[in-house]
>>> print(open('protein.txt').read())   # compact mmCIF, C-alpha atoms
# COMPACT_ATOMS: atom_id res chain seq x y z
CA MET A 27 0.00 0.00 0.00
CA GLY A 28 2.96 2.32 0.64
CA CYS A 29 3.94 1.93 -3.02
CA LEU A 30 0.57 3.28 -4.16
CA TYR A 31 0.85 6.23 -1.74
CA THR A 32 4.28 6.99 -3.20
CA LEU A 33 2.82 6.99 -6.71
CA TYR A 34 0.06 9.37 -5.61
CA THR A 35 2.53 11.82 -4.10
CA THR A 36 5.25 11.57 -6.77
CA GLY A 37 3.26 13.77 -9.17
CA ALA A 38 3.07 16.60 -6.66
CA VAL A 39 6.72 16.20 -5.65
CA LEU A 40 7.81 16.42 -9.30
CA LEU A 41 5.73 19.56 -9.83
CA LEU A 42 7.18 21.20 -6.73
CA SER A 43 10.71 20.20 -7.78
CA GLY A 44 10.12 21.83 -11.13
CA ALA A 45 8.84 25.02 -9.52
CA ASP A 46 11.84 25.08 -7.18
CA ARG A 47 14.28 24.53 -10.09
CA GLY A 48 15.07 21.04 -8.77
CA LEU A 49 14.66 19.73 -12.32
CA GLY A 50 17.14 22.21 -13.79
CA PRO A 51 16.87 25.69 -15.26
CA ASP A 52 14.14 24.63 -17.73
CA PRO A 53 11.99 22.16 -15.76
CA VAL A 54 9.19 21.77 -18.33
CA LYS A 55 10.76 19.06 -20.51
CA PRO A 56 11.99 16.88 -17.60
CA LEU A 57 8.60 17.22 -15.90
CA GLU A 58 6.76 16.36 -19.10
CA HIS A 59 9.05 13.35 -19.69
CA GLU A 60 8.76 12.04 -16.11
CA TYR A 61 4.97 12.21 -16.09
CA GLY A 62 4.80 10.43 -19.45
CA GLU A 63 7.26 7.72 -18.47
CA ILE A 64 5.52 7.05 -15.15
CA ALA A 65 2.19 6.82 -17.00
CA LEU A 66 3.60 4.25 -19.42
CA GLN A 67 5.13 2.27 -16.56
CA LEU A 68 1.78 2.21 -14.75
CA LEU A 69 0.00 1.00 -17.89
CA ILE A 70 2.58 -1.78 -18.17
CA ILE A 71 2.12 -2.67 -14.49
CA GLY A 72 -1.60 -2.98 -15.20
CA LEU A 73 -0.81 -5.40 -18.03
CA CYS A 74 1.36 -7.46 -15.64
CA VAL A 75 -1.50 -8.23 -13.24
CA THR A 76 -2.99 -11.16 -15.18
CA PRO A 77 0.32 -12.90 -16.08
CA LEU A 78 1.52 -12.53 -12.47
CA ARG A 79 -1.62 -14.25 -11.25
CA ARG A 80 -1.62 -16.94 -13.94
CA PHE A 81 2.06 -17.89 -13.89
CA PHE A 82 3.19 -17.04 -10.36
CA GLY A 83 0.03 -17.07 -8.25
CA ILE A 84 0.49 -13.40 -7.27
CA ASN A 85 -2.98 -11.86 -7.16
CA LEU A 86 -2.98 -8.07 -7.62
CA VAL A 87 -6.35 -7.89 -9.39
CA LYS A 88 -7.81 -5.65 -6.68
CA PHE A 89 -5.14 -3.05 -7.53
CA ARG A 90 -5.53 -3.13 -11.33
CA ARG A 91 -8.14 -0.37 -11.39
CA THR A 92 -5.97 1.77 -9.12
CA PHE A 93 -2.99 1.29 -11.44
CA GLY A 94 -5.20 2.29 -14.36
CA MET A 95 -6.48 5.42 -12.64
CA LEU A 96 -2.96 6.38 -11.61
CA ALA A 97 -1.81 5.86 -15.21
CA PHE A 98 -4.64 8.09 -16.43
CA THR A 99 -3.70 10.73 -13.85
CA TYR A 100 -0.08 10.76 -14.99
CA VAL A 101 -1.05 10.79 -18.68
CA THR A 102 -3.29 13.77 -17.92
CA LEU A 103 -0.46 15.53 -16.05
CA HIS A 104 1.87 14.78 -18.99
CA LEU A 105 -0.68 16.28 -21.39
CA LEU A 106 -1.32 19.35 -19.20
CA VAL A 107 2.38 20.10 -18.77
CA TRP A 108 2.86 19.81 -22.54
CA ALA A 109 -0.20 21.94 -23.39
CA PHE A 110 0.02 24.65 -20.74
CA LEU A 111 3.69 24.91 -19.81
CA ASP A 112 5.40 23.85 -23.05
CA VAL A 113 3.16 24.84 -25.97
CA GLN A 114 1.06 27.42 -24.05
CA THR A 115 -1.60 28.38 -26.61
CA LEU A 116 -4.64 26.44 -27.83
CA ASP A 117 -3.99 27.14 -31.52
CA ARG A 118 -0.41 25.81 -31.20
CA VAL A 119 -1.66 22.74 -29.29
CA ILE A 120 -4.10 21.96 -32.11
CA ALA A 121 -1.44 22.63 -34.75
CA ASP A 122 1.00 20.29 -32.99
CA ILE A 123 -1.61 17.52 -32.74
CA ILE A 124 -2.23 17.79 -36.47
CA LYS A 125 1.39 18.35 -37.58
CA ARG A 126 3.41 15.97 -35.40
CA PRO A 127 2.56 12.26 -35.72
CA TYR A 128 4.00 11.34 -32.31
CA ILE A 129 1.68 13.89 -30.68
CA THR A 130 -1.28 12.70 -32.76
CA ILE A 131 -0.67 9.14 -31.62
CA GLY A 132 -0.19 10.21 -28.01
CA MET A 133 -3.46 12.14 -28.11
CA ALA A 134 -5.23 9.11 -29.60
CA GLY A 135 -3.94 7.02 -26.69
CA PHE A 136 -5.21 9.63 -24.22
CA LEU A 137 -8.63 9.67 -25.89
CA LEU A 138 -8.83 5.86 -25.59
CA LEU A 139 -8.04 6.10 -21.87
CA LEU A 140 -10.72 8.74 -21.25
CA PRO A 141 -13.78 6.41 -21.34
CA LEU A 142 -11.84 3.90 -19.26
CA ALA A 143 -11.20 6.47 -16.55
CA ILE A 144 -14.83 7.60 -16.63
CA THR A 145 -16.11 4.03 -16.23
CA SER A 146 -13.56 2.88 -13.65
CA ASN A 147 -16.06 2.81 -10.82
CA ASN A 148 -18.33 0.17 -9.29
CA TRP A 149 -21.51 1.77 -10.64
CA SER A 150 -20.23 1.53 -14.24
CA VAL A 151 -19.12 -2.08 -13.72
CA ARG A 152 -22.65 -3.00 -12.58
CA LYS A 153 -24.42 -0.87 -15.20
CA LEU A 154 -22.34 -2.06 -18.19
CA GLY A 155 -22.09 -5.69 -17.09
CA PRO A 156 -20.02 -7.79 -19.54
CA LYS A 157 -19.65 -4.78 -21.86
CA TRP A 158 -17.47 -3.14 -19.20
CA ARG A 159 -14.78 -5.79 -19.70
CA GLN A 160 -14.97 -5.36 -23.48
CA LEU A 161 -14.68 -1.56 -23.16
CA HIS A 162 -11.65 -1.86 -20.92
CA LYS A 163 -9.81 -3.88 -23.54
CA LEU A 164 -9.14 -0.45 -25.09
CA THR A 165 -6.26 -0.45 -22.61
CA TYR A 166 -4.35 -2.71 -25.00
CA ALA A 167 -4.59 -0.24 -27.89
CA ALA A 168 -3.85 2.71 -25.58
CA VAL A 169 -0.67 1.16 -24.19
CA ILE A 170 0.56 0.30 -27.69
CA LEU A 171 -0.09 3.90 -28.76
CA GLY A 172 1.79 5.07 -25.67
CA GLY A 173 4.76 2.89 -26.62
CA VAL A 174 4.72 4.16 -30.22
CA HIS A 175 4.42 7.75 -28.93
CA TYR A 176 7.57 7.22 -26.85
CA ILE A 177 9.52 5.61 -29.72
CA TRP A 178 8.60 8.41 -32.15
CA LEU A 179 9.23 11.12 -29.55
CA VAL A 180 12.93 10.38 -29.05
CA LYS A 181 15.44 11.44 -31.62
CA GLY A 182 17.02 8.55 -33.49
CA ILE A 183 16.91 4.95 -32.35
CA GLN A 184 17.20 4.66 -28.58
CA LEU A 185 17.11 1.47 -26.57
CA GLU A 186 14.82 2.49 -23.68
CA PRO A 187 11.64 3.13 -25.72
CA LEU A 188 12.26 -0.08 -27.67
CA ILE A 189 12.53 -2.04 -24.43
CA TYR A 190 9.23 -0.56 -23.25
CA MET A 191 7.58 -1.59 -26.52
CA ALA A 192 9.06 -5.09 -26.35
CA VAL A 193 7.68 -5.52 -22.83
CA ILE A 194 4.26 -4.24 -23.95
CA LEU A 195 4.15 -6.57 -26.94
CA GLY A 196 5.38 -9.49 -24.83
CA LEU A 197 2.66 -8.96 -22.23
CA LEU A 198 0.02 -8.65 -24.94
CA ALA A 199 1.34 -11.80 -26.63
CA LEU A 200 0.80 -13.70 -23.38
CA ARG A 201 -2.85 -12.66 -23.54
CA LEU A 202 -3.15 -13.73 -27.19
CA ARG A 203 -1.71 -17.14 -26.37
CA LYS A 204 -4.27 -17.57 -23.62
CA SER A 205 -7.22 -16.58 -25.80
CA ARG A 206 -6.08 -18.85 -28.67
CA SER A 207 -5.75 -21.81 -26.31
CA ARG A 208 -9.41 -21.36 -25.36
CA VAL A 209 -10.58 -21.72 -28.97
CA ARG A 210 -11.29 -25.35 -29.78
CA LEU A 211 -10.63 -26.64 -33.24
CA PRO A 212 -13.26 -28.84 -34.88
CA GLY A 213 -12.60 -32.51 -35.21
>>> encode(input="protein.txt", output="structure tokens")
Amino acid sequence: MGCLYTLYTTGAVLLLSGADRGLGPDPVKPLEHEYGEIALQLLIIGLCVTPLRRFFGINLVKFRRTFGMLAFTYVTLHLLVWAFLDVQTLDRVIADIIKRPYITIGMAGFLLLLPLAITSNNWSVRKLGPKWRQLHKLTYAAVILGGVHYIWLVKGIQLEPLIYMAVILGLLALRLRKSRSRVRLPG
């Protein structure tokens, strides 16, 4: 539980560090990067819940929604820092979304996470029934878009974003293997 508290407070600590010049003379880019990277890590942690339970018997299912909401919070902070502290005007924000593919893809990932955040409550789970689970499979597309956003964001080929994407694809492949094993072939 202390880990979750740390994740809740890290966002505020980063913001205060930026305001106090603890992130360097121009804190906007490091702040933007940290929020984005933490968001991607949280999305990956959410993807780890099922394989951890299936292969190692570690049951973190009750925390999956919390990881998802934390990821959405950090994605939102990442977006707000970019829009308000980096770009600063609405017309430039819109122009960047249209002009820069890595921003377009990042915004698409954010838009996929929006209905998930809105429906991440017990009332929505009851109201939507089995459709809730189907809706929340948008997480898979959102995390892939987040990985692509990170790869396209960096200049040149860098190892760290590629490792993130490999982990994402590996975790998703584990889910594909499970769903294929459930399908029975005729005969």
>>> residues_around(input="protein.txt", residues="Gly132 in chain A", least_positions_apart="3", cutoff="12 Å", atoms="all atoms listed in the file", output="PyMOL selection string")
chain A and resi 62+65-66+101-102+104-105+108+122-124+126-129+135-139+167-179
>>> write_last_selection(input="protein.txt", atoms="C-alpha atoms", output="short mmCIF file (atom, residue, chain, number, x, y, z; two decimals), keeping the file's coordinate frame")
data_model
loop_
_atom_site.label_atom_id
_atom_site.label_comp_id
_atom_site.auth_asym_id
_atom_site.auth_seq_id
_atom_site.Cartn_x
_atom_site.Cartn_y
_atom_site.Cartn_z
CA GLY A 62 4.80 10.43 -19.45
CA ALA A 65 2.19 6.82 -17.00
CA LEU A 66 3.60 4.25 -19.42
CA VAL A 101 -1.05 10.79 -18.68
CA THR A 102 -3.29 13.77 -17.92
CA HIS A 104 1.87 14.78 -18.99
CA LEU A 105 -0.68 16.28 -21.39
CA TRP A 108 2.86 19.81 -22.54
CA ASP A 122 1.00 20.29 -32.99
CA ILE A 123 -1.61 17.52 -32.74
CA ILE A 124 -2.23 17.79 -36.47
CA ARG A 126 3.41 15.97 -35.40
CA PRO A 127 2.56 12.26 -35.72
CA TYR A 128 4.00 11.34 -32.31
CA ILE A 129 1.68 13.89 -30.68
CA GLY A 135 -3.94 7.02 -26.69
CA PHE A 136 -5.21 9.63 -24.22
CA LEU A 137 -8.63 9.67 -25.89
CA LEU A 138 -8.83 5.86 -25.59
CA LEU A 139 -8.04 6.10 -21.87
CA ALA A 167 -4.59 -0.24 -27.89
CA ALA A 168 -3.85 2.71 -25.58
CA VAL A 169 -0.67 1.16 -24.19
CA ILE A 170 0.56 0.30 -27.69
CA LEU A 171 -0.09 3.90 -28.76
CA GLY A 172 1.79 5.07 -25.67
CA GLY A 173 4.76 2.89 -26.62
CA VAL A 174 4.72 4.16 -30.22
CA HIS A 175 4.42 7.75 -28.93
CA TYR A 176 7.57 7.22 -26.85
CA ILE A 177 9.52 5.61 -29.72
CA TRP A 178 8.60 8.41 -32.15
CA LEU A 179 9.23 11.12 -29.55
#
>>> residues_around(input="protein.txt", residues="Leu200 in chain A", least_positions_apart="6", cutoff="12 Å", atoms="only C-alpha atoms", output="ChimeraX atom specification")
/A:73-78,80-81,193-194,206-207
>>> closest_residue(input="protein.txt", among="A:Val113, A:Arg79, A:Pro141, A:Leu57", to="His162 in chain A", atoms="all atoms listed in the file")
A:Pro141
>>> closest_residue(input="protein.txt", among="A:Val54, A:Leu185, A:Ser150, A:Tyr61", to="Gln114 in chain A", atoms="all atoms listed in the file")
A:Val54
>>> atom_distance(input="protein.txt", atom1="CA of Val107 in chain A", atom2="CA of Gly182 in chain A")
23.8 Å
>>> atom_distance(input="protein.txt", atom1="CA of Leu198 in chain A", atom2="CA of Tyr166 in chain A")
7.4 Å
>>> closest_residue(input="protein.txt", among="A:Met133, A:Leu111, A:Arg91, A:Ile189", to="Arg159 in chain A", atoms="all atoms listed in the file")
A:Arg91
